[in-house]
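> This structure is in structure tokens; I'll ask about it shortly.
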Amino acid sequence: MADGVDDLAEAFLREHRHYTSHQVAEMAGVPVYRARRYWRALGFANVADDAVEFTDSDVIALKTLLGLVSDGVYDEDHVLLVARSLGRATARLAESQAELGAETLDQAGVPLRERPAAWRRRADRVVPDLEQLLVYAWRRQLAAAAGRMVDQDKMAVRLAVGFADLVGFTRLSRQITEKELAALVEGFEGRSADVVTSTGGRVVKTLGDSVLFVAEKAHTAAEIALRLLAAHARVKGMPELRVGLAIGPVIGRMGDVFGTTVNLASRLTALAHPGTILADPAMAKDLASDPAFTLTPVDRLTVRGLGELVPFTVHR
């Protein structure tokens, strides 16, 4: 089985492994501890000194990271952040693609003893196409992200933040099968992403039973929230959704968002009733003259860590 795993790894790597970590570091001209720092930043565990684990591409990748520092494109700390962001993003992508591959083989009824050969055939077929699509999608996303930031002169920008949460998800997850739970989560994430992006917002992250999104305008965020409620309400067996909205300064870092505005949106979600949208006073002020929405103040609430405020429910 070990030989089969090794063969499978090389089928996906698309090249043979020739080098130890010390050899890779020597070829790149750096101490092994520094090479390992980059390796760990990319999300990989250290390997034994005598393990022949590395390929020519590993040498090229290490030299590329070092070159970004020596050329002054990034300093050491920032290039490590680049490596970590690449590692996190590609790890999740790889896990999802491997899971889909396993499901495909399950559906095809491939026996376990034939799986290694089937995986190698799959690698030959899909890796070149997925590699091309990965670069394409990354360039498109980078162009969009750079376009958003080109006019920013500070880290914090004013954004509308939405946090949508499935009510009673934990209880429901104990009552259905793992397959049903996976289908529910995939459906929730897929529909949420479709609604957010098609309405003009951006999905920051999904957490299984919740989605965090941002938009440049209060109107867009409120529209997304209403469409999310409607889209998920049409699905049989889907728990009710509740949404918290807030607008204000937001700090973006490594694809995530932080700050009091984000915390407020999250807290308001926890306070919202099922099937409702709860907005902070700043969001309500921005929406007050918008004919697309009706705003209704609710009783003064104490928001943990943020004090008292009077939020508003948002309706069509």
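How things are named: the first chain in the structure tokens is A, the next is B, and so on; residues count from 1 in each chain; ligands count from 1 in the order shown.
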Quick one: residues within 8 Å of Val52 (chain A), only C-alpha atoms counted, chain neighbours fewer than 3 positions away excluded, as a PyMOL selection string?

chain A and resi 17-21

> May I have the selected residues written with all heavy atoms, as a tab-separated table (two decimals), in the first residue's frame?


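Everything below was put into part22.tsv:
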chain	number	residue	atom	x	y	z
A	17	ARG	N	10.10	12.36	-7.17
A	17	ARG	CA	10.76	12.97	-6.02
A	17	ARG	C	12.21	12.49	-5.96
A	17	ARG	O	12.46	11.29	-5.96
A	17	ARG	CB	10.00	12.62	-4.75
A	17	ARG	CG	8.65	13.32	-4.67
A	17	ARG	CD	7.79	12.83	-3.53
A	17	ARG	NE	7.28	11.49	-3.79
A	17	ARG	CZ	6.44	10.84	-3.00
A	17	ARG	NH1	6.02	11.42	-1.90
A	17	ARG	NH2	6.01	9.63	-3.30
A	18	HIS	N	13.14	13.46	-5.87
A	18	HIS	CA	14.57	13.13	-5.93
A	18	HIS	C	15.35	13.59	-4.70
A	18	HIS	O	16.43	13.08	-4.44
A	18	HIS	CB	15.23	13.81	-7.14
A	18	HIS	CG	14.66	13.42	-8.46
A	18	HIS	ND1	14.79	12.16	-9.00
A	18	HIS	CD2	13.96	14.15	-9.37
A	18	HIS	CE1	14.21	12.13	-10.18
A	18	HIS	NE2	13.69	13.31	-10.43
A	19	TYR	N	14.84	14.59	-3.96
A	19	TYR	CA	15.69	15.30	-3.02
A	19	TYR	C	15.17	15.22	-1.58
A	19	TYR	O	13.97	15.09	-1.32
A	19	TYR	CB	15.76	16.79	-3.40
A	19	TYR	CG	16.06	17.03	-4.85
A	19	TYR	CD1	15.15	17.71	-5.67
A	19	TYR	CD2	17.25	16.60	-5.42
A	19	TYR	CE1	15.41	17.96	-7.01
A	19	TYR	CE2	17.53	16.83	-6.77
A	19	TYR	CZ	16.60	17.50	-7.55
A	19	TYR	OH	16.87	17.72	-8.88
A	20	THR	N	16.13	15.37	-0.64
A	20	THR	CA	15.78	15.56	0.76
A	20	THR	C	15.64	17.06	1.03
A	20	THR	O	16.00	17.89	0.20
A	20	THR	CB	16.88	15.00	1.68
A	20	THR	OG1	18.08	15.78	1.50
A	20	THR	CG2	17.17	13.53	1.37
A	21	SER	N	15.15	17.40	2.23
A	21	SER	CA	14.98	18.81	2.57
A	21	SER	C	16.33	19.53	2.60
A	21	SER	O	16.42	20.70	2.18
A	21	SER	CB	14.27	18.95	3.91
A	21	SER	OG	14.94	18.21	4.92

> If you run DSSP on the backbone here, which positions in region 126-316 of chain A get alpha helix (DSSP H)? Please write them as a PyMOL selection string.

chain A and resi 126-149+169-173+178-199+218-233+260-271+281-287

> Could you name the residues that touch region 238-250 of chain A at 7 Å or less, counting only C-alpha atoms, but leaving out those on the same chain fewer than 4 positions away, as a ChimeraX atom specification?

/A:156-169,225,229,232-233,257-259,261,264-266,268-269,272-280,282-283

> Export, as a compact mmCIF listing (two decimals), in the first residue's frame, the selected residues with C-alpha atoms.


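Okay, selection-v9.txt is ready:
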# COMPACT_ATOMS: atom_id res chain seq x y z
CA ALA A 156 -9.93 50.42 7.20
CA VAL A 157 -12.72 51.11 4.70
CA ARG A 158 -16.44 51.69 5.18
CA LEU A 159 -18.36 48.55 4.22
CA ALA A 160 -21.73 46.99 4.89
CA VAL A 161 -21.29 43.63 6.61
CA GLY A 162 -23.84 40.84 6.72
CA PHE A 163 -23.82 37.67 8.78
CA ALA A 164 -26.45 35.03 7.95
CA ASP A 165 -26.99 32.04 10.22
CA LEU A 166 -29.15 28.90 10.05
CA VAL A 167 -31.33 28.63 13.16
CA GLY A 168 -31.24 25.31 15.02
CA PHE A 169 -28.55 23.84 12.78
CA ALA A 225 -30.18 39.70 3.13
CA LEU A 229 -34.13 34.68 3.31
CA HIS A 232 -33.47 29.39 1.49
CA ALA A 233 -37.13 29.57 2.54
CA VAL A 257 -12.47 41.11 7.51
CA PHE A 258 -12.18 42.32 11.08
CA GLY A 259 -13.31 45.12 13.36
CA THR A 261 -18.55 46.44 12.48
CA LEU A 264 -21.68 43.92 15.58
CA ALA A 265 -23.16 42.13 12.56
CA SER A 266 -22.37 38.79 14.19
CA LEU A 268 -27.07 41.13 15.85
CA THR A 269 -27.48 37.82 14.04
CA ALA A 272 -32.39 38.26 15.53
CA HIS A 273 -35.55 36.14 15.47
CA PRO A 274 -35.75 33.32 12.90
CA GLY A 275 -36.67 34.62 9.46
CA THR A 276 -35.77 38.23 10.25
CA ILE A 277 -33.07 40.77 9.45
CA LEU A 278 -31.69 42.95 12.23
CA ALA A 279 -29.71 46.07 11.26
CA ASP A 280 -27.63 48.41 13.40
CA ALA A 282 -25.94 53.21 11.13
CA MET A 283 -27.29 50.78 8.57

> When you look at Asp299 (chain A) with a cut-off of 10 Å (counting only C-alpha atoms), what residues show up, excluding the ones that are within fewer than 6 positions of it in the same chain? I need them as a ChimeraX atom specification.

/A:309-312

> Please provide the set of residues having any atom within 12 Å of region 137-146 of chain A, restricted to only C-alpha atoms, with same-chain residues fewer than 2 positions apart removed, written as a count of residues only.

19

> At a cut-off of 9 Å, using only C-alpha atoms, what residues contact region 120-124 of chain A? Leave out same-chain residues fewer than 2 positions from it and give the result as a VMD selection string.

chain A and resid 7 to 9 11 to 12 14 101 115 to 118 126 to 128

> Write out as a list in words all residues of region 215-289 of chain A that backbone DSSP assigns to strand (DSSP E or B).

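DSSP-assigned strand (DSSP E or B) residues in region 215-289 of chain A: Ala215, Leu241, Arg242, Val243, Gly244, Leu245, Ala246, Ile247, Gly248, Pro249, Val250, Ile251, Gly252, Arg253, Asp256, Val257, Phe258, Ile277, Leu278 and Ala279 of chain A.
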
> To one decimal place, how far is CA of Gly307 (chain A) from CA of Ala270 (chain A) in Å?

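Taking CA of Gly307 (chain A) as the start and CA of Ala270 (chain A) as the end point, the length is 15.0 Å.
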
> Write out as a PyMOL selection string each polymer residue whose atoms come within 12 Å of Glu103 (chain A), counting only C-alpha atoms; drop sequence neighbours fewer than 6 positions from it.

chain A and resi 96-97+109-110+115+119+179

> Using CA of Leu184 (chain A) and CA of Glu216 (chain A) as the two end points, give the distance in Å to one decimal.

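So the answer is 29.4 Å.
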
> Report the distance between CA of Arg227 (chain A) and CA of Leu181 (chain A) in Å, rounded to one decimal place.

22.9 Å

> Quick one: of A:Val24, A:Leu172, A:Leu212, A:Ala45, who's nearest to Glu189 (chain A), counting only C-alpha atoms?

A:Leu212
